[in-house]
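Structure data (mmCIF, C-alpha atoms) from target_38.cif:
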```
data_structure
#
loop_
_atom_site.label_atom_id
_atom_site.label_comp_id
_atom_site.auth_asym_id
_atom_site.auth_seq_id
_atom_site.Cartn_x
_atom_site.Cartn_y
_atom_site.Cartn_z
CA MET A 1 41.44 -15.42 63.66
CA GLU A 2 40.03 -12.17 64.98
CA GLU A 3 43.45 -11.70 66.53
CA ALA A 4 45.01 -11.67 63.07
CA ILE A 5 42.65 -8.96 61.84
CA GLN A 6 43.37 -6.83 64.91
CA LEU A 7 47.10 -7.32 64.41
CA ARG A 8 46.95 -6.15 60.79
CA ASN A 9 44.81 -3.15 61.74
CA LYS A 10 47.33 -2.16 64.40
CA TYR A 11 50.48 -2.64 62.33
CA GLN A 12 50.31 -0.83 58.99
CA HIS A 13 53.84 0.44 58.33
CA PHE A 14 57.42 -0.34 59.27
CA ARG A 15 59.05 3.03 59.98
CA VAL A 16 62.79 3.59 59.44
CA LEU A 17 64.99 6.63 60.03
CA ILE A 18 67.89 6.61 57.58
CA ILE A 19 70.87 8.80 58.46
CA GLY A 20 73.88 9.66 56.35
CA ARG A 21 75.83 12.47 54.77
CA ALA A 22 75.72 13.27 51.06
CA ASN A 23 76.77 10.41 48.78
CA ALA A 24 76.48 7.86 51.57
CA GLY A 25 74.32 5.62 49.38
CA LYS A 26 70.97 6.20 51.10
CA THR A 27 68.96 6.47 47.90
CA THR A 28 70.51 3.30 46.49
CA ILE A 29 69.67 1.35 49.65
CA LEU A 30 66.06 2.50 49.91
CA LYS A 31 65.36 1.84 46.24
CA ALA A 32 66.93 -1.61 46.52
CA VAL A 33 64.88 -2.48 49.61
CA CYS A 34 61.67 -1.40 47.87
CA GLY A 35 62.63 -2.96 44.53
CA THR A 36 62.32 0.14 42.41
CA THR A 37 64.23 2.70 40.39
CA GLU A 38 61.66 5.44 40.97
CA ALA A 39 62.05 8.33 43.41
CA PRO A 40 60.01 8.22 46.62
CA GLN A 41 56.83 10.19 47.16
CA VAL A 42 57.13 12.72 49.99
CA TYR A 43 54.41 13.48 52.55
CA ASP A 44 54.23 16.07 55.32
CA GLN A 45 53.12 15.47 58.91
CA ARG A 46 49.46 15.76 57.92
CA GLY A 47 49.76 13.16 55.19
CA ARG A 48 49.67 15.67 52.35
CA ARG A 49 51.92 14.87 49.43
CA ILE A 50 54.76 17.31 48.74
CA MET A 51 55.56 17.76 45.09
CA ALA A 52 59.29 18.08 44.43
CA LYS A 53 61.19 18.12 41.16
CA LYS A 54 64.08 16.16 42.68
CA SER A 55 64.27 13.35 45.19
CA ILE A 56 64.36 14.63 48.74
CA LEU A 57 67.33 12.29 49.20
CA SER A 58 69.35 14.14 46.58
CA PRO A 59 72.33 16.00 48.06
CA THR A 60 71.20 19.27 46.48
CA SER A 61 67.43 18.97 46.65
CA LEU A 62 65.39 20.86 49.21
CA ARG A 63 68.59 22.05 50.89
CA GLY A 64 67.67 24.49 53.61
CA ILE A 65 64.10 23.23 53.99
CA HIS A 66 64.93 19.64 54.88
CA ASN A 67 62.47 18.22 57.42
CA ILE A 68 63.07 14.96 59.24
CA GLU A 69 59.33 14.66 59.88
CA HIS A 70 58.60 14.27 56.17
CA GLU A 71 57.67 10.72 55.18
CA LEU A 72 59.24 9.04 52.16
CA ARG A 73 57.21 6.26 50.56
CA PHE A 74 57.78 4.18 47.47
CA ARG A 75 54.81 3.08 45.40
CA SER A 76 56.46 -0.30 44.86
CA ASN A 77 56.32 -1.07 48.59
CA PRO A 78 54.04 1.30 50.56
CA GLY A 79 54.44 -0.76 53.74
CA PHE A 80 57.75 0.98 54.41
CA VAL A 81 57.84 4.59 55.66
CA PHE A 82 61.22 6.30 55.71
CA HIS A 83 62.51 9.48 57.33
CA ASP A 84 65.77 11.08 56.23
CA SER A 85 68.47 12.84 58.22
CA ARG A 86 71.32 14.49 56.34
CA GLY A 87 73.99 13.34 58.77
CA PHE A 88 76.12 15.44 61.04
CA GLU A 89 78.83 17.97 60.36
CA ALA A 90 81.77 18.62 62.65
CA GLY A 91 81.14 21.38 65.18
CA SER A 92 77.39 21.47 64.56
CA THR A 93 74.93 20.16 67.14
CA GLU A 94 71.71 21.33 65.48
CA GLU A 95 71.12 18.23 63.34
CA LEU A 96 72.05 15.87 66.18
CA GLU A 97 69.56 17.57 68.49
CA THR A 98 66.92 17.39 65.75
CA VAL A 99 67.48 13.65 65.42
CA ARG A 100 67.40 13.11 69.17
CA ALA A 101 64.15 15.05 69.47
CA PHE A 102 62.63 13.09 66.60
CA ILE A 103 63.59 9.73 68.12
CA ASN A 104 62.25 10.75 71.55
CA SER A 105 58.97 12.03 70.16
CA ARG A 106 58.42 8.87 68.13
CA ALA A 107 59.21 6.71 71.17
CA ALA A 108 56.45 8.53 73.05
CA GLU A 109 53.86 7.89 70.33
CA ARG A 110 50.95 5.74 71.51
CA SER A 111 50.14 4.66 67.99
CA VAL A 112 52.37 1.76 66.98
CA ASP A 113 51.92 2.85 63.39
CA ARG A 114 53.60 6.20 64.11
CA GLN A 115 56.41 4.84 66.25
CA LEU A 116 59.95 4.57 64.91
CA HIS A 117 61.01 0.94 64.53
CA ALA A 118 64.61 1.02 63.29
CA ILE A 119 67.47 3.35 62.35
CA TRP A 120 69.81 2.70 59.42
CA TYR A 121 72.98 4.78 59.71
CA CYS A 122 74.88 4.91 56.40
CA LEU A 123 78.63 5.49 56.57
CA PRO A 124 80.56 5.59 53.27
CA THR A 125 83.98 3.93 53.33
CA ASP A 126 85.45 5.27 50.10
CA HIS A 127 87.41 8.07 51.81
CA ASP A 128 89.71 6.62 54.44
CA ALA A 129 90.47 9.97 56.07
CA ARG A 130 86.77 10.77 56.56
CA MET A 131 85.43 7.25 56.98
CA ILE A 132 84.09 7.89 60.47
CA THR A 133 84.00 11.54 61.45
CA ALA A 134 84.08 13.00 64.94
CA ALA A 135 80.48 14.15 64.48
CA GLU A 136 79.37 10.62 63.63
CA LEU A 137 81.18 9.20 66.65
CA ASP A 138 79.39 11.84 68.68
CA PHE A 139 76.06 10.33 67.63
CA PHE A 140 77.01 6.91 69.01
CA GLU A 141 78.39 8.53 72.16
CA ARG A 142 75.49 10.87 72.95
CA CYS A 143 72.35 9.61 71.24
CA ASP A 144 70.48 7.04 73.31
CA THR A 145 67.92 5.57 70.91
CA GLY A 146 66.26 3.44 73.58
CA LYS A 147 64.40 0.46 72.16
CA VAL A 148 64.92 1.63 68.58
CA PRO A 149 67.86 -0.39 67.25
CA VAL A 150 70.55 1.18 65.08
CA ILE A 151 72.10 -0.73 62.17
CA ALA A 152 75.38 0.77 60.96
CA ILE A 153 75.57 0.32 57.18
CA PHE A 154 79.06 0.75 55.76
CA THR A 155 78.57 1.51 52.07
CA LYS A 156 80.98 1.43 49.13
CA PHE A 157 83.05 -1.22 50.87
CA ASP A 158 84.46 -2.44 47.57
CA SER A 159 86.74 0.62 47.67
CA LEU A 160 88.46 -0.94 50.70
CA ASP A 161 88.67 -4.23 48.81
CA SER A 162 90.44 -2.40 45.99
CA GLU A 163 92.97 -0.86 48.38
CA ALA A 164 93.64 -4.25 49.95
CA TYR A 165 94.08 -5.79 46.51
CA GLN A 166 96.70 -3.19 45.60
CA GLU A 167 98.55 -3.85 48.85
CA LEU A 168 98.63 -7.59 48.20
CA ARG A 169 99.89 -7.04 44.67
CA ARG A 170 102.69 -4.83 45.98
CA GLU A 171 103.58 -7.60 48.38
CA GLY A 172 104.10 -9.97 45.44
CA PHE A 173 100.83 -11.89 45.30
CA GLU A 174 99.52 -12.96 41.90
CA HIS A 175 96.32 -11.39 40.58
CA SER A 176 94.05 -14.31 41.47
CA GLU A 177 95.50 -14.65 44.97
CA ALA A 178 95.27 -10.93 45.64
CA GLN A 179 91.71 -10.79 44.35
CA LYS A 180 90.67 -13.70 46.56
CA GLY A 181 92.40 -12.38 49.69
CA ALA A 182 91.48 -8.71 49.35
CA PRO A 183 88.00 -8.83 51.01
CA ARG A 184 89.37 -10.66 54.05
CA ARG A 185 92.24 -8.20 54.49
CA ALA A 186 89.86 -5.26 54.01
CA ASP A 187 87.51 -6.64 56.67
CA GLU A 188 90.31 -7.26 59.15
CA ARG A 189 91.79 -3.77 58.74
CA PHE A 190 88.36 -2.14 58.91
CA GLU A 191 87.47 -3.96 62.13
CA ARG A 192 90.79 -3.10 63.74
CA VAL A 193 91.10 0.55 62.67
CA HIS A 194 87.56 1.84 62.18
CA LEU A 195 84.76 -0.38 63.52
CA SER A 196 86.38 -0.64 66.94
CA ARG A 197 86.06 3.16 67.33
CA ILE A 198 82.27 2.97 66.98
CA LEU A 199 81.87 -0.09 69.19
CA GLU A 200 83.75 1.68 71.99
CA GLN A 201 81.15 4.45 72.18
CA ARG A 202 78.44 4.59 74.82
CA TYR A 203 75.58 3.69 72.47
CA PRO A 204 77.06 1.45 69.76
CA PRO A 205 74.90 0.06 66.95
CA LYS A 206 73.01 -3.18 67.58
CA GLY A 207 74.14 -4.52 64.20
CA GLU A 208 76.34 -3.64 61.24
CA LEU A 209 76.43 -4.42 57.54
CA ARG A 210 79.18 -3.93 54.95
CA ILE A 211 77.87 -3.28 51.46
CA ARG A 212 79.87 -4.13 48.38
CA ASN A 213 79.01 -3.68 44.69
CA MET A 214 75.66 -1.94 45.10
CA HIS A 215 76.35 0.19 42.02
CA GLU A 216 75.83 -1.00 38.45
CA ALA A 217 72.58 -2.83 39.18
CA ASP A 218 72.58 -4.68 35.85
CA ARG A 219 75.88 -6.36 36.67
CA HIS A 220 75.22 -6.97 40.35
CA GLU A 221 71.51 -7.80 40.55
CA GLU A 222 72.05 -10.94 42.63
CA VAL A 223 74.47 -9.12 44.92
CA ILE A 224 71.87 -6.41 45.50
CA LYS A 225 69.18 -8.96 46.33
CA GLN A 226 71.50 -10.70 48.75
CA THR A 227 72.44 -7.39 50.38
CA VAL A 228 68.80 -6.41 50.85
CA ALA A 229 68.02 -9.81 52.37
CA GLU A 230 70.96 -9.45 54.75
CA LEU A 231 69.96 -5.93 55.77
CA LEU A 232 66.39 -7.01 56.52
CA GLU A 233 67.58 -10.08 58.40
CA LYS A 234 69.97 -8.03 60.54
CA THR A 235 67.20 -5.53 61.22
CA SER A 236 64.80 -8.29 62.19
CA ASP A 237 67.38 -9.87 64.50
CA VAL A 238 67.66 -6.74 66.65
CA LEU A 239 63.94 -5.94 66.92
CA ASP A 240 62.77 -6.54 70.47
CA THR A 241 59.33 -8.07 69.87
CA ASP A 242 57.93 -10.85 67.69
CA ALA A 243 55.20 -8.43 66.60
CA LEU A 244 57.76 -6.09 65.04
CA LYS A 245 59.52 -9.02 63.39
CA LEU A 246 56.17 -10.03 61.93
CA LEU A 247 55.55 -6.46 60.78
CA LEU A 248 58.88 -6.31 58.95
CA ALA A 249 58.22 -9.67 57.30
CA THR A 250 54.75 -8.49 56.30
CA VAL A 251 55.80 -5.26 54.63
CA GLN A 252 58.69 -7.00 52.87
CA ASN A 253 56.38 -9.78 51.79
CA ASN A 254 58.48 -10.99 48.87
CA ASN A 255 61.37 -11.96 51.13
CA VAL A 256 60.64 -15.64 51.74
CA GLU A 257 64.00 -16.23 53.43
CA LEU A 258 63.22 -13.63 56.10
CA CYS A 259 59.87 -15.29 56.82
CA ILE A 260 61.49 -18.73 57.09
CA THR A 261 64.21 -17.41 59.41
CA ASN A 262 61.70 -15.70 61.68
CA PHE A 263 59.56 -18.83 61.83
CA ILE A 264 62.48 -21.11 62.71
CA ASN A 265 63.92 -18.72 65.27
CA SER A 266 60.54 -18.23 66.93
CA GLY A 267 60.61 -21.77 68.36
CA PHE A 268 57.12 -22.60 67.06
CA ILE A 269 58.32 -25.80 65.35
CA THR A 270 60.14 -27.04 68.45
CA ALA A 271 57.20 -26.22 70.71
CA ALA A 272 54.69 -27.98 68.45
CA ALA A 273 56.88 -31.07 68.22
CA GLN A 274 57.33 -31.14 72.01
CA GLU A 275 53.58 -30.87 72.56
CA ALA A 276 52.96 -33.72 70.14
CA LEU A 277 55.55 -35.88 71.90
CA GLU A 278 54.08 -35.21 75.34
CA SER A 279 50.50 -35.82 74.21
CA GLY A 280 51.36 -39.08 72.47
CA VAL A 281 49.38 -38.13 69.38
CA SER A 282 50.06 -36.03 66.32
CA LEU A 283 49.03 -32.46 67.12
CA PRO A 284 45.45 -32.71 68.48
CA GLY A 285 42.88 -30.25 67.17
CA LYS A 286 43.54 -27.17 69.27
CA LYS A 287 47.29 -27.48 68.99
CA LEU A 288 47.05 -28.10 65.26
CA ASN A 289 45.02 -24.90 64.86
CA GLN A 290 47.62 -22.96 66.85
CA PHE A 291 50.43 -24.43 64.78
CA ILE A 292 48.65 -23.45 61.53
CA TRP A 293 48.15 -19.94 62.94
CA ASN A 294 51.85 -19.64 63.75
CA VAL A 295 52.74 -20.73 60.22
CA GLY A 296 50.27 -18.18 58.90
CA ILE A 297 51.75 -15.19 60.67
CA SER A 298 55.21 -16.28 59.55
CA TYR A 299 54.15 -16.34 55.88
CA PRO A 300 51.79 -13.33 55.77
CA TYR A 301 51.23 -13.33 52.02
CA ILE A 302 49.90 -16.92 51.81
CA TRP A 303 46.22 -17.89 51.92
CA PHE A 304 45.21 -20.22 54.74
CA ARG A 305 41.87 -21.97 55.22
CA HIS A 306 40.88 -22.23 58.85
CA SER A 307 38.82 -25.41 59.04
CA THR A 308 36.92 -24.62 62.23
CA GLU A 309 35.71 -21.24 61.02
CA SER A 310 35.30 -22.21 57.33
CA ARG A 311 36.74 -19.02 55.93
CA VAL A 312 39.87 -17.82 54.22
CA LEU A 313 42.10 -15.21 55.77
CA LEU A 314 44.63 -13.30 53.73
CA LEU A 315 47.32 -12.36 56.18
CA GLY A 316 49.14 -9.26 55.09
CA GLY A 317 46.01 -7.87 53.48
CA GLY A 318 43.70 -7.99 56.48
CA ALA A 319 40.85 -9.33 54.33
CA THR A 320 38.50 -12.26 54.91
CA ALA A 321 36.35 -14.18 52.51
#
```
For this file, write the structure as structure tokens.
Amino acid sequence: MEEAIQLRNKYQHFRVLIIGRANAGKTTILKAVCGTTEAPQVYDQRGRRIMAKKSILSPTSLRGIHNIEHELRFRSNPGFVFHDSRGFEAGSTEELETVRAFINSRAAERSVDRQLHAIWYCLPTDHDARMITAAELDFFERCDTGKVPVIAIFTKFDSLDSEAYQELRREGFEHSEAQKGAPRRADERFERVHLSRILEQRYPPKGELRIRNMHEADRHEEVIKQTVAELLEKTSDVLDTDALKLLLATVQNNNVELCITNFINSGFITAAAQEALESGVSLPGKKLNQFIWNVGISYPYIWFRHSTESRVLLLGGGATA
């Protein structure tokens, strides 16, 4: 169990760089992931809080003094640390070079807690002509993020559903038929016309997510919860170590489905069953302890009593009793 304490001391935060131009939906996503309606608290490189009247994610706030090194944290879920990039404008290389330098510097960090773990790139789809700009394609062509996976998040996708619905209606489909078929047509057209352009680049994203109905939280609460779960699951799927998967599950400790998925995919259940079959008995002592440990790290917010050490370990809090 000392290993668990060391693991929690080593892994404190899951660090995400979120990229996207104004009105790409970054604020909505981060608040949804952290389960809050409050603005984030902003900290500088030395850990000192920066007081701002507006959210740093606001399109008009702190314009001109934006700093990708600033940390954004939400009180509702302090395990996440976010960094914000404003996105890239055509003909400008300054922001792209800033992002590349930031990613490289974080990759060189010895402290796991200060390393960058994932990148969420938000691309709004409500303006067909500017859905994917040349500057954004340039990122996927020129920016090698190394081991840090990029998830492309296509926001406001319901606007494409609406366009597809109108097309189907013009083609003579009844309302109910057009409404049912619109998402499928929107997906097919998006994949053919837009997504393929990104996937053809030198450094395409490791995963992608299409977000519908993230506005009007009161009407779409379940949709928002499902979207957050899907985003975290896709992020977990592309992480390259079990330790990082555990870290993500730990900081998002109210997402039971993510913990279950990680546990099943880890192969722990299959391995334990195979060991029991080969030994001819039901999980002898040492193997039983290992199995309980594996369950523990997969559900980091649950109390487990370790019989051989006669103490209780709270995984996710790093405390012992």
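Interatomic distance, CA of Arg185 in chain A against CA of Lys156 in chain A: 15.8 Å.
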Within 10 Å of (50.8, 10.9, 59.5) (coordinates as in the file), grab all the protein and nucleic acid residues, counting only C-alpha atoms, and write them out as an NGL selection string.
:A and (43-48 or 69-71 or 113-114)
List the spatial neighbours of Phe74 in chain A as a PyMOL selection string - criterion: any atom at most 8 Å away, only C-alpha atoms, same-chain residues fewer than 4 positions off excluded.
chain A and resi 34+36+38-41+78+80
Nearest to Thr227 in chain A, chosen from A:Met131, A:Thr28, A:Tyr121, A:Leu137, with all atoms listed in the file counted in the distances:
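Result for the nearest residue to Thr227 in chain A: A:Thr28.
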I'd like the contact shell of Asn23 in chain A - 8 Å cut-off, all atoms listed in the file, skipping same-chain residues fewer than 2 positions apart - returned as a VMD selection string.
chain A and resid 21 25 to 26 59 124
Given only C-alpha atoms as the basis, pick out the residue of A:Phe190, A:Phe173, A:Phe102, A:Tyr11 nearest to Val148 in chain A.
A:Phe102
Enter the distance from CA of Ala118 in chain A to CA of Val150 in chain A, in Å, rounded to one decimal.
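Pair CA of Ala118 in chain A / CA of Val150 in chain A returns 6.2 Å.
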So what does the PyMOL selection byres ((chain A and resi 92-96) around 10) actually pick up in this one, as a PyMOL selection string?
chain A and resi 68+85-91+97-102+135-136+138-139+142-143
I'd like the interatomic distance between CA of Glu233 in chain A and CA of Leu246 in chain A, to a tenth of an Å.
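Rounded to one decimal, the two atoms are 11.9 Å apart.
For Thr37 in chain A, the residues within 10 Å (counting only C-alpha atoms, excluding itself and residues fewer than 4 positions away along the chain) are Thr27, Thr28, Leu30, Lys31, Ala32, Phe74 and Ser76 of chain A.
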